[in-house]
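The structure appears right after this line, and notes come after that.
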Amino acid sequence: MSASSKILYASEPALDSAEFRQVLMESGLGDIRPVEDDARLKAMLSGANLVVTARRDVEGRPLVGVARAMTDFSWVCYVSELAVSRSAQGLGVGKGLMDEARRQIGPSVAISLLSVPDAAAFYERIGMKRMPDAFWFGRER
């Protein structure tokens, strides 16, 4: 993908699980997401009430990024995935997805997320503040 390729950002609440899986795998998040369990991927997508996509503005409109989130559109938005295909990393797609999510939820809604260690510097670069008081109950499966 060239740096001059235009990226289209949109809300896609009915994103196909196969496209979602592909971006998870291409981003590196496939190693820590249930990409082999299509029913679970579909449940993840249907449980989100904000799905923002990044697509190349070329024939076929290939998906290169996705932000999946849950929000009340009033107080807080939790971003559970921010995945960008390796071919589009470093081109501003992740920031573009977060900017579009912020535009859609409005200025009075805070955004929270849990970062994988390798991505923490990215979130700080785009202006997110690291929070010391986060807590977690792990998954049993």
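Residue names in the structure tokens use chain letters A, B, ... in the order shown, residue numbers from 1 in each chain, and ligand numbers from 1 in the order shown.
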
Selection near region 53-64 of chain A, 12 Å with only C-alpha atoms, sequence-local residues under 2 positions removed, as a compact mmCIF listing (two decimals) with C-alpha atoms, in the first residue's frame:
```txt
# COMPACT_ATOMS: atom_id res chain seq x y z
CA MET A 1 0.00 0.00 0.00
CA SER A 2 1.43 3.37 -0.89
CA ALA A 3 1.38 6.30 1.49
CA SER A 4 -0.63 8.22 -1.11
CA SER A 5 -3.53 5.72 -1.11
CA LYS A 6 -6.67 7.31 0.22
CA ILE A 7 -8.27 5.66 3.24
CA LEU A 8 -12.02 5.71 3.78
CA TYR A 9 -13.27 5.60 7.37
CA ALA A 10 -16.83 4.56 8.16
CA SER A 11 -19.12 2.98 10.70
CA GLU A 12 -19.77 -0.64 9.69
CA PRO A 13 -21.98 -2.29 12.31
CA ALA A 14 -22.52 -5.31 10.03
CA LEU A 15 -18.82 -5.97 9.32
CA ASP A 16 -18.28 -9.50 8.01
CA SER A 17 -16.46 -11.80 10.45
CA ALA A 18 -14.15 -13.08 7.68
CA GLU A 19 -12.89 -9.54 6.98
CA PHE A 20 -12.54 -8.92 10.72
CA ARG A 21 -10.55 -12.16 11.09
CA GLN A 22 -8.27 -11.22 8.19
CA VAL A 23 -7.37 -7.82 9.68
CA LEU A 24 -6.82 -9.38 13.12
CA MET A 25 -4.42 -11.87 11.55
CA GLU A 26 -2.68 -9.27 9.38
CA SER A 27 -2.27 -6.91 12.36
CA LEU A 50 -19.37 0.93 17.45
CA VAL A 51 -17.38 -0.66 14.64
CA VAL A 66 -10.88 -1.83 12.34
CA ALA A 67 -11.73 -0.34 15.72
CA ARG A 68 -14.31 -2.33 17.68
CA ALA A 69 -15.86 -0.69 20.73
CA GLU A 81 -9.70 -3.81 19.30
CA LEU A 82 -7.69 -1.43 17.23
CA ALA A 83 -6.24 -3.55 14.46
CA VAL A 84 -4.35 -2.31 11.40
CA SER A 85 -2.97 -4.61 8.71
CA ARG A 86 0.82 -4.65 8.70
CA SER A 87 0.78 -3.32 5.13
CA ALA A 88 -0.94 -0.15 6.39
CA GLN A 89 0.91 0.30 9.68
CA LEU A 91 0.54 5.34 7.52
CA GLY A 92 -1.72 6.95 10.11
CA VAL A 93 -4.55 4.41 9.82
CA GLY A 94 -4.65 3.65 13.56
CA LYS A 95 -4.83 7.34 14.41
CA GLY A 96 -7.44 7.80 11.69
CA LEU A 97 -9.59 5.04 13.20
CA MET A 98 -9.34 6.60 16.66
CA ASP A 99 -10.09 10.07 15.25
CA GLU A 100 -13.18 8.71 13.48
CA ALA A 101 -14.33 6.90 16.62
```

From a DSSP pass on the backbone, collect the residues of chain A flagged as alpha helix (DSSP H) and hand them back as a count of residues only.
40

Need to verify the contact set: Tyr123 (chain A), 10 Å, only C-alpha atoms, exclusion of same-chain residues closer than 3 positions in sequence. Can you return it as a PDB file with N, CA and C atoms, in the first residue's frame?
```pdb
ATOM      1  N   GLY A  94      -4.221   3.807  12.179  1.00  0.00           N
ATOM      2  CA  GLY A  94      -4.654   3.646  13.563  1.00  0.00           C
ATOM      3  C   GLY A  94      -5.147   4.953  14.152  1.00  0.00           C
ATOM      4  N   LYS A  95      -4.409   6.014  13.940  1.00  0.00           N
ATOM      5  CA  LYS A  95      -4.827   7.336  14.413  1.00  0.00           C
ATOM      6  C   LYS A  95      -6.122   7.751  13.718  1.00  0.00           C
ATOM      7  N   MET A  98      -9.017   6.002  15.361  1.00  0.00           N
ATOM      8  CA  MET A  98      -9.335   6.603  16.658  1.00  0.00           C
ATOM      9  C   MET A  98      -9.977   7.981  16.478  1.00  0.00           C
ATOM     10  N   LEU A 113      -8.989   1.923  26.796  1.00  0.00           N
ATOM     11  CA  LEU A 113      -8.596   0.681  26.133  1.00  0.00           C
ATOM     12  C   LEU A 113      -7.478   0.033  26.913  1.00  0.00           C
ATOM     13  N   SER A 115      -3.941  -1.849  26.106  1.00  0.00           N
ATOM     14  CA  SER A 115      -2.979  -1.985  25.018  1.00  0.00           C
ATOM     15  C   SER A 115      -2.143  -3.254  25.169  1.00  0.00           C
ATOM     16  N   ALA A 119       2.222  -1.933  21.590  1.00  0.00           N
ATOM     17  CA  ALA A 119       1.485  -0.805  21.026  1.00  0.00           C
ATOM     18  C   ALA A 119       1.360   0.378  21.980  1.00  0.00           C
ATOM     19  N   ALA A 120       1.829   0.252  23.202  1.00  0.00           N
ATOM     20  CA  ALA A 120       1.646   1.319  24.194  1.00  0.00           C
ATOM     21  C   ALA A 120       2.208   2.660  23.725  1.00  0.00           C
ATOM     22  N   ILE A 126      -0.359   9.320  20.022  1.00  0.00           N
ATOM     23  CA  ILE A 126      -1.577   9.963  19.499  1.00  0.00           C
ATOM     24  C   ILE A 126      -2.295  10.768  20.572  1.00  0.00           C
ATOM     25  N   GLY A 127      -1.679  10.890  21.749  1.00  0.00           N
ATOM     26  CA  GLY A 127      -2.211  11.777  22.773  1.00  0.00           C
ATOM     27  C   GLY A 127      -2.988  11.124  23.893  1.00  0.00           C
ATOM     28  N   MET A 128      -3.033   9.792  23.935  1.00  0.00           N
ATOM     29  CA  MET A 128      -3.736   9.134  25.030  1.00  0.00           C
ATOM     30  C   MET A 128      -2.844   9.134  26.270  1.00  0.00           C
ATOM     31  N   LYS A 129      -3.468   9.239  27.403  1.00  0.00           N
ATOM     32  CA  LYS A 129      -2.770   9.285  28.677  1.00  0.00           C
ATOM     33  C   LYS A 129      -2.737   7.888  29.289  1.00  0.00           C
ATOM     34  N   ARG A 130      -1.551   7.468  29.741  1.00  0.00           N
ATOM     35  CA  ARG A 130      -1.410   6.171  30.401  1.00  0.00           C
ATOM     36  C   ARG A 130      -2.021   6.272  31.797  1.00  0.00           C
TER      37      ARG A 130
END
```

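When CA of Ile32 (chain A) is paired with CA of Glu140 (chain A), their separation reads 14.0 Å.
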
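Take the candidates A:Ala121, A:Ala134, A:Ala39, A:Leu114 and check each one against Ser80 (chain A) using only C-alpha atoms; the shortest distance goes to A:Leu114.
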